[in-house]
Amino acid sequence: MLRSRIAAAAVGATVLGVTAALVPTVSNAADDSVAPATSVVTWADSAADFTAIDTDSSTPAIPAGWSWLGIQQGGSDYATSLDQVASFGADGVTAKDGSAVLLLHPLQSTVAPNALAGLIDDAAANAGGDTEVGLLVAKASSPTLVEETVYTTGGLQGADTVWAGGESTDELATQLQADGDVVFGYAVVLNGAAATPPATDEPTPAPTETPAPTETPAPSETTAPTNTPAARSAAPEQGVEKLLPQASAASTFAARAAVPADSGIADLVIDDSTTYFTPQPTAAVSSTSLSLTVSQATSTGFPVTGSGFAPGETVGVALAQGQSGTELPGTLTADADGNITGTVVLPAGATAGAWTLVFVGTSSAQTASVAITVTADPAVAPVATPVSGRATFTG
């Protein structure tokens with residue numbers, strides 16, 4: 001699939017009759033400080049990238065890709081547009097003040113409890129402290145219908161993730177196994193800061209006398225937390241309430257008193273996929289030598305630099321001319337900022353002509369190209385061959 005993606009970017013798959021080798025002059029493939037990109041990298045940086053959830057359904061279905069629902073503080077109805085309750089920017093997607101937003105995404109395939117650790121161990125979320133991440137749980141007999149949603153405590157932190165009720169991932173897996181449940185998706189809850197009350201011109205009232213403290217009542221029996229597995233099974237939610245971290249939509253979307261201003265998320269890694277909620281970059285590639293002779297192209301080659309790819313992803317290269325193209329052997333690796341540096345050297349036998357080098361991120365499908373020209377080598381003047389012997393003349 002990845003190879004065909006590169007070939008398609010090269011405007012076809014017809015072999016050009018010329019091969020080439022990609023020889024990186026700088027590569028960070030062995031740099032342990034740069035994490036390799038997941039196999040799939042996508043950007044969800046606008047409301048157009050999300051589908052609204054059917055809030056009237058008692059068995060809400062989770063569509064492909066990202067979906068959402070949201071509500072504003074004091075509102076009785078769910079928002080009709082994601083832009084009403086969230087904003088997108090350089091820091092990712094953020095819930096607006098007085099609003100809360102639920103973002104949902106299905107897994108590539110259903111995960112059984114015994115495979116849950118493999119799903120979570122490499123998962124991470126670059127999110128604000130007011131953001132909650134959870135898993136969509138279903139019965140194994142109905143693996144696409146939400147049974148409940150289990151949220152983390154303290155964020156998604158790979159093998160160190162702690163789940164509601166203080167469970168480890170292994171303990172959660174044991175509970176899911178006992179309940180006959182599977183995991184089929186994940187969720188992100190963005191809780192916006194409490195709305196600031198409007199300023200008024202009313203004078204500040206004079207303080208009243210502090211009443212004498214009353215006797216503190218005796219503590220009552222501690223109530224079991226509502227987010228434990230036992231409590232969840234004892235009080236099952238209905239409809240979209242199954243998607244929320246508390247017992248009801250009303251309590252979930254009540255604005256919190258102390259919420260950090262950055263109630264959002266910038267990127268999420270899970271299920272061998274990375275989603276960036278930041279603006280999608282435009283990939284670009286350039287070369288300091290756009291025109292070389294055949295000899296130069298087959299020796300020093302075309303130095304190239306590029307940007308706009310996913311951090312740590314493999315970048316393939318294709319060579320195109322007109323409506324034909326072919327993928328070249330060899331790859332580059334983007335650095336932590338999504339930049340690439342390398343040299344494309346054409347082998348002996350390359351012919352003169354106008355060509356295009358096409359660069360494709362194998363995880364993100366980010367594509368960029370640069371036009372190059374290969375010219376014929378200058379003609380070499382013939383060298384006169386001396387004639388041996390004495391010249392003779394007639395006439």
# chains A, B, ... in the order shown; residues from 1 in each chain; ligands from 1

$ residues_around --residues "range 297-301 of chain A" --least-positions-apart "6" --cutoff "7 Å" --atoms "only C-alpha atoms" --output "PyMOL selection string"
chain A and resi 343-348+374

$ residues_around --residues "range 108-119 of chain A" --least-positions-apart "6" --cutoff "9 Å" --atoms "only C-alpha atoms" --output "compact mmCIF listing (two decimals) with all heavy atoms, in the first residue's frame"
# COMPACT_ATOMS: atom_id res chain seq x y z
N ALA A 140 -18.65 -8.40 23.67
CA ALA A 140 -18.04 -9.16 22.59
C ALA A 140 -19.07 -9.61 21.58
O ALA A 140 -18.77 -9.77 20.40
CB ALA A 140 -17.28 -10.36 23.16
N PRO A 143 -19.85 -5.93 19.15
CA PRO A 143 -18.61 -5.17 19.30
C PRO A 143 -18.60 -3.78 18.70
O PRO A 143 -17.56 -3.13 18.70
CB PRO A 143 -17.58 -6.08 18.59
CG PRO A 143 -18.39 -6.83 17.58
CD PRO A 143 -19.71 -7.06 18.22
N THR A 144 -19.73 -3.28 18.21
CA THR A 144 -19.77 -1.91 17.67
C THR A 144 -20.74 -1.02 18.43
O THR A 144 -20.92 0.13 18.05
CB THR A 144 -20.15 -1.92 16.18
OG1 THR A 144 -21.46 -2.49 16.02
CG2 THR A 144 -19.13 -2.71 15.36
N GLY A 158 0.90 5.45 28.53
CA GLY A 158 1.47 4.17 28.18
C GLY A 158 1.27 3.12 29.26
O GLY A 158 0.19 3.00 29.83
N ALA A 159 2.33 2.38 29.55
CA ALA A 159 2.23 1.30 30.53
C ALA A 159 1.93 1.82 31.93
O ALA A 159 1.48 1.05 32.79
CB ALA A 159 3.53 0.50 30.53
N THR A 169 -3.75 -1.19 33.85
CA THR A 169 -4.27 -1.74 32.59
C THR A 169 -4.54 -3.24 32.71
O THR A 169 -5.54 -3.74 32.19
CB THR A 169 -3.29 -1.46 31.45
OG1 THR A 169 -3.15 -0.04 31.27
CG2 THR A 169 -3.78 -2.06 30.14
N ASP A 170 -3.69 -3.95 33.40
CA ASP A 170 -3.90 -5.39 33.58
C ASP A 170 -5.17 -5.66 34.40
O ASP A 170 -5.94 -6.59 34.10
CB ASP A 170 -2.70 -6.04 34.28
CG ASP A 170 -1.49 -6.15 33.36
OD1 ASP A 170 -1.68 -6.05 32.13
OD2 ASP A 170 -0.37 -6.32 33.87
N LEU A 172 -7.76 -3.64 34.62
CA LEU A 172 -8.90 -3.31 33.76
C LEU A 172 -9.18 -4.44 32.78
O LEU A 172 -10.34 -4.81 32.55
CB LEU A 172 -8.61 -2.02 33.00
CG LEU A 172 -9.65 -1.60 31.95
CD1 LEU A 172 -11.02 -1.39 32.60
CD2 LEU A 172 -9.20 -0.34 31.21
N ALA A 173 -8.13 -5.03 32.22
CA ALA A 173 -8.30 -6.14 31.29
C ALA A 173 -8.98 -7.32 31.96
O ALA A 173 -9.85 -7.98 31.37
CB ALA A 173 -6.95 -6.55 30.72
N THR A 174 -8.61 -7.59 33.20
CA THR A 174 -9.24 -8.69 33.94
C THR A 174 -10.73 -8.43 34.14
O THR A 174 -11.56 -9.34 34.00
CB THR A 174 -8.55 -8.87 35.31
OG1 THR A 174 -7.17 -9.19 35.10
CG2 THR A 174 -9.21 -9.97 36.12
N GLN A 175 -11.07 -7.18 34.46
CA GLN A 175 -12.47 -6.83 34.64
C GLN A 175 -13.26 -6.95 33.34
O GLN A 175 -14.37 -7.48 33.31
CB GLN A 175 -12.57 -5.39 35.18
CG GLN A 175 -13.99 -4.90 35.45
CD GLN A 175 -14.64 -5.65 36.59
OE1 GLN A 175 -14.03 -5.84 37.65
NE2 GLN A 175 -15.88 -6.08 36.40
N LEU A 176 -12.66 -6.50 32.25
CA LEU A 176 -13.33 -6.60 30.95
C LEU A 176 -13.54 -8.06 30.56
O LEU A 176 -14.59 -8.44 30.01
CB LEU A 176 -12.50 -5.89 29.88
CG LEU A 176 -12.34 -4.37 30.03
CD1 LEU A 176 -11.43 -3.82 28.93
CD2 LEU A 176 -13.69 -3.67 29.99
N GLN A 177 -12.53 -8.90 30.83
CA GLN A 177 -12.64 -10.32 30.52
C GLN A 177 -13.79 -10.95 31.30
O GLN A 177 -14.59 -11.72 30.75
CB GLN A 177 -11.32 -11.02 30.85
CG GLN A 177 -11.27 -12.49 30.48
CD GLN A 177 -11.25 -12.70 28.98
OE1 GLN A 177 -10.49 -12.06 28.28
NE2 GLN A 177 -12.09 -13.61 28.49
N GLY A 180 -17.12 -10.03 29.81
CA GLY A 180 -17.35 -10.40 28.41
C GLY A 180 -17.29 -9.20 27.48
O GLY A 180 -18.02 -9.14 26.49
N ASP A 181 -16.40 -8.24 27.79
CA ASP A 181 -16.31 -7.00 27.02
C ASP A 181 -15.07 -6.97 26.15
O ASP A 181 -14.09 -7.68 26.39
CB ASP A 181 -16.28 -5.79 27.97
CG ASP A 181 -17.59 -5.59 28.71
OD1 ASP A 181 -18.63 -6.05 28.19
OD2 ASP A 181 -17.57 -4.98 29.78
N VAL A 182 -15.11 -6.11 25.15
CA VAL A 182 -13.97 -5.83 24.29
C VAL A 182 -13.85 -4.31 24.14
O VAL A 182 -14.78 -3.57 24.48
CB VAL A 182 -14.11 -6.48 22.90
CG1 VAL A 182 -14.09 -8.00 23.00
CG2 VAL A 182 -15.40 -6.00 22.21
N VAL A 183 -12.73 -3.85 23.63
CA VAL A 183 -12.51 -2.42 23.37
C VAL A 183 -12.55 -2.21 21.87
O VAL A 183 -11.91 -2.94 21.11
CB VAL A 183 -11.16 -1.96 23.96
CG1 VAL A 183 -10.86 -0.52 23.58
CG2 VAL A 183 -11.16 -2.13 25.47
N PHE A 184 -13.30 -1.20 21.43
CA PHE A 184 -13.41 -0.97 19.99
C PHE A 184 -13.17 0.48 19.58
O PHE A 184 -13.27 0.83 18.41
CB PHE A 184 -14.78 -1.43 19.47
CG PHE A 184 -15.91 -0.49 19.79
CD1 PHE A 184 -16.41 0.38 18.81
CD2 PHE A 184 -16.48 -0.45 21.05
CE1 PHE A 184 -17.46 1.23 19.09
CE2 PHE A 184 -17.54 0.39 21.33
CZ PHE A 184 -18.02 1.25 20.35
N GLY A 185 -12.82 1.35 20.52
CA GLY A 185 -12.57 2.74 20.16
C GLY A 185 -11.99 3.50 21.32
O GLY A 185 -11.73 2.96 22.39
N ILE A 270 -2.17 6.25 19.58
CA ILE A 270 -2.79 5.01 20.04
C ILE A 270 -3.12 4.16 18.82
O ILE A 270 -3.35 4.69 17.72
CB ILE A 270 -4.06 5.29 20.87
CG1 ILE A 270 -4.57 4.02 21.55
CG2 ILE A 270 -5.16 5.93 20.02
CD1 ILE A 270 -5.69 4.26 22.56
N ASP A 271 -3.12 2.84 18.98
CA ASP A 271 -3.53 1.94 17.91
C ASP A 271 -2.62 2.06 16.69
O ASP A 271 -3.09 1.98 15.56
CB ASP A 271 -4.99 2.22 17.53
CG ASP A 271 -5.62 1.13 16.69
OD1 ASP A 271 -5.19 -0.02 16.80
OD2 ASP A 271 -6.56 1.44 15.92
N ASP A 272 -1.31 2.29 16.92
CA ASP A 272 -0.32 2.47 15.85
C ASP A 272 -0.72 3.61 14.92
O ASP A 272 -0.40 3.61 13.73
CB ASP A 272 -0.13 1.18 15.05
CG ASP A 272 1.21 1.16 14.32
OD1 ASP A 272 2.14 1.88 14.75
OD2 ASP A 272 1.32 0.44 13.30

$ closest_residue --among "A:Leu156, A:Ile71, A:Val133, A:Ala127" --to "Thr278 in chain A" --atoms "only C-alpha atoms"
A:Ala127

$ residues_around --residues "Ala47 in chain A" --least-positions-apart "4" --cutoff "10 Å" --atoms "only C-alpha atoms" --output "list in words"
Thr51, Ala52, Ser67, Trp68, Ser81, Leu82, Asp83, Gln84, Ala86, Ser87, Phe88 and Val93 of chain A

$ atom_distance --atom1 "CA of Thr80 in chain A" --atom2 "CA of Val146 in chain A"
21.9 Å
